[in-house]
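Asks: Would you mind keeping the following structure in view while I ask a few things?
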Amino acid sequence: MKVAIVGAAGRMGGRLIQAVIEADGLELSGATERPGHPQIGADAGLLAAVGELGVPITDDLATTMEKADVLIDFTFPEVTLKNLEICANLGKKIVSGSTGFTPEQKQQVEKYAEQIPVILAPNMSVGVNACFKLLKEAAKILGDDFDVEIVELHHNKKKDSPSGTAVRMGEVVSEALERDYNQVATYHREGMCGERTKEEIGMQTVRGGDIVGEHTVYFIGMGERIEISHRAMSRDMFARGATRACQWLQNKKSGLYDMQDVLGLS
Ligand code: NAD
């Protein structure tokens, strides 16, 4: 399966290049960056410090995708939507880890997924996806007697808040408790904001340094507290999740999938 990577010079880009060349059945056929990026023309392998691969980084995704079967995209929602259009026009598959989509942008993704196979997952790690499953079970067992608060920590360059993973955790718990996440998510508390309601799910964000990503969901009851935490120590497992998603997508028809589907957890 021939794989192209967009955003090749980004924090995830280098990890993705390495993961693709190490994955069974995958071959790196192209790598792109935004027009004007200083690494245009550089060899993707040298950029990722895995040795020369003879794959130059270009700024022309449409031409790159003509030679690829699947695109791996870890960029930003507005870029991902343009990339989806290019893939849909060429009938190519796409695996996207971009986060920060608005509900309207998610609807646009769903439209493209009617034409091509799309994997969109705010977190590609096996561990986080196991956490989603554990959270669903915990919420069902603990029910409305436990207050739910979600705290996430990321590096100081992260653009979206709260993280896509934290939002997904909030959605999973809300669904299990038969609540509407958009109604109960509470992003800000300041001043005389009143007592906490039973239904609300607090969403707290910490930003600093080089933290790869940490999430803790607190279920806080009377006299006891359960914490389900995930700590990412490197970006490599996100990249390995993305290559696993490519392999899984090989024989899939058009549709919108996520890592729960890839891992057989849905
Ligand atoms: P980054 O800023 O380091 O990398 C993004 C890259 O995309 C940059 O190199 C940028 O130049 C490039 N880019 C921007 N516009 C482009 C365009 N039009 N065409 C081609 N390239 C373009 O960011 P990052 O830390 O690598 O994260 C990227 C995204 O991945 C974010 O949305 C982040 O939240 C998400 N992420 C997801 C997971 C997951 O498991 N799903 C894990 C880590 C990060």
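To be explicit about the labels: the chains of the structure tokens are called A, B, and onward in the order shown, and within each one the residues are counted from 1, while ligands get numbers from 1 in the order they are shown.
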For ligand 1, collect every residue having any atom at a distance of at most 7 Å from a ligand atom (counting only C-alpha atoms and all ligand atoms); output as an MDAnalysis selection string.

Replies: chainID A and resid 6:13 32:35 37 59 74:76 79 97:100 121:125 158 160 163:164 235 238

Asks: Please identify all polymer residues within 8 Å of range 145-156 of chain A, counting only C-alpha atoms, omitting same-chain residues fewer than 5 positions from it, and present them as an mmCIF file with C-alpha atoms, in the first residue's frame.

Replies:
```
data_model
loop_
_atom_site.group_PDB
_atom_site.id
_atom_site.type_symbol
_atom_site.label_atom_id
_atom_site.label_comp_id
_atom_site.auth_asym_id
_atom_site.auth_seq_id
_atom_site.Cartn_x
_atom_site.Cartn_y
_atom_site.Cartn_z
ATOM 1 C CA PRO A 162 -9.637 21.169 25.217
ATOM 2 C CA SER A 163 -7.868 18.407 23.311
ATOM 3 C CA ALA A 166 -10.573 15.076 26.202
ATOM 4 C CA GLY A 170 -16.422 13.684 27.685
ATOM 5 C CA LYS A 198 -24.968 16.929 39.178
ATOM 6 C CA GLU A 199 -24.979 16.706 35.387
ATOM 7 C CA GLU A 200 -22.060 18.928 34.448
ATOM 8 C CA ILE A 201 -18.752 17.498 33.246
ATOM 9 C CA GLY A 202 -15.861 19.825 34.042
ATOM 10 C CA MET A 203 -13.267 20.193 31.269
ATOM 11 C CA GLN A 204 -9.928 21.588 32.518
ATOM 12 C CA THR A 205 -6.917 22.395 30.355
ATOM 13 C CA VAL A 206 -3.225 22.782 31.285
ATOM 14 C CA ARG A 207 -0.633 23.965 28.720
ATOM 15 C CA GLY A 208 3.137 24.027 29.143
ATOM 16 C CA GLY A 209 6.586 22.920 28.017
ATOM 17 C CA ASP A 210 6.869 19.749 25.961
ATOM 18 C CA ILE A 211 4.127 17.553 27.499
ATOM 19 C CA VAL A 212 3.122 15.069 24.767
ATOM 20 C CA GLY A 213 -0.365 14.537 26.205
ATOM 21 C CA GLU A 214 -1.938 13.474 29.513
ATOM 22 C CA HIS A 215 -5.603 12.865 30.300
ATOM 23 C CA THR A 216 -7.301 12.008 33.579
ATOM 24 C CA VAL A 217 -11.006 11.444 34.070
ATOM 25 C CA TYR A 218 -12.068 11.767 37.714
ATOM 26 C CA PHE A 219 -15.227 10.059 38.979
ATOM 27 C CA ILE A 220 -15.665 11.733 42.363
ATOM 28 C CA GLY A 221 -18.126 10.267 44.861
ATOM 29 C CA MET A 222 -18.776 10.696 48.579
#
```

Asks: By how many Å are CA of Trp248 in chain A and CA of Ala23 in chain A apart?

Replies: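 If I compute the distance from CA of Trp248 in chain A to CA of Ala23 in chain A, I get 12.2 Å.
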
Asks: So that I can see what lies close to Val55 in chain A, please list as a list in words the residues with an atom at most 12 Å from it, counting only C-alpha atoms and leaving out residues fewer than 6 positions away in the same chain.

Replies: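 The filter keeps Val3, Ala4, Ile5, Ala8, Ile17, Ile21, Glu27, Leu28, Ser29, Gly30, Ala31, Thr32, Ile40, Gly41, Ala42, Asp43, Ala44, Gly45, Leu46, Leu47, Ala48 and Thr64 of chain A.
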
Asks: Go ahead and save the residues from that selection, with C-alpha atoms, as a CSV table (one decimal), in the first residue's frame.

Replies:
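File written: result.csv
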```csv
chain,number,residue,atom,x,y,z
A,3,VAL,CA,1.2,6.0,1.7
A,4,ALA,CA,1.6,9.8,1.4
A,5,ILE,CA,2.1,12.0,4.5
A,8,ALA,CA,5.7,15.9,6.9
A,17,ILE,CA,7.6,8.8,8.2
A,21,ILE,CA,8.8,2.7,6.7
A,27,GLU,CA,5.6,2.1,1.5
A,28,LEU,CA,6.2,5.9,1.6
A,29,SER,CA,5.4,7.2,-1.8
A,30,GLY,CA,5.1,11.0,-1.0
A,31,ALA,CA,5.4,13.7,1.6
A,32,THR,CA,4.1,17.2,1.5
A,40,ILE,CA,10.2,21.9,0.6
A,41,GLY,CA,12.7,19.9,-1.5
A,42,ALA,CA,14.3,18.1,1.4
A,43,ASP,CA,14.4,14.3,1.6
A,44,ALA,CA,11.6,13.0,3.8
A,45,GLY,CA,13.9,10.3,5.3
A,46,LEU,CA,16.7,12.8,6.1
A,47,LEU,CA,14.1,15.1,7.7
A,48,ALA,CA,12.9,12.2,9.9
A,64,THR,CA,1.4,13.4,-4.8
```

Asks: Would you list the contacts of Met1 in chain A as a VMD selection string, taking every protein, DNA or RNA residue within 10 Å and counting only C-alpha atoms, but skipping same-chain residues closer than 5 positions in sequence?

Replies: chain A and resid 24 to 29 68 to 70 246 to 247 250

Asks: Rank nothing, just name the residue among A:Leu135, A:Leu256, A:Ala62, A:Val172 nearest to Ala113 in chain A, using only C-alpha atoms.

Replies: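 The answer is A:Leu256, which sits nearest to Ala113 in chain A.
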
Asks: Would you mind telling me which residue in A:Ala130, A:Val167, A:Val184, A:Leu53 lies nearest to Ser266 in chain A when using only C-alpha atoms?

Replies: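 Ranking A:Ala130, A:Val167, A:Val184, A:Leu53 by distance to Ser266 in chain A, first place goes to A:Ala130.
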
Asks: If you measure from CA of Ala138 in chain A to CA of Leu265 in chain A, what distance in Å do you get, rounded to one decimal?

Replies: 15.7 Å

Asks: Could you tell me which of A:Arg196, A:Lys136, A:Lys159, A:Lys253 comes closest to Glu175 in chain A if we count only C-alpha atoms?

Replies: A:Lys136

Asks: Can you check which residues of range 2-206 of chain A DSSP gives as helix (DSSP H, G or I) on the backbone and send them as a PyMOL selection string?

Replies: chain A and resi 11-22+44-47+61-66+77-90+103-112+126-145+164-176+181-184

Asks: Quick one: residues within 9 Å of Glu66 in chain A, only C-alpha atoms, excluding same-chain residues fewer than 5 positions away - as an MDAnalysis selection string?

Replies: chainID A and resid 61 90 92

Asks: Just C-alpha atoms for this one: save the residues we selected as a PDB file, in the first residue's frame.

Replies:
```pdb
ATOM      1  CA  LEU A  61      -0.703  17.208  -2.636  1.00  0.00           C
ATOM      2  CA  LEU A  90      -9.049  11.046  -6.827  1.00  0.00           C
ATOM      3  CA  LYS A  92      -8.110   7.812  -2.412  1.00  0.00           C
TER       4      LYS A  92
END
```
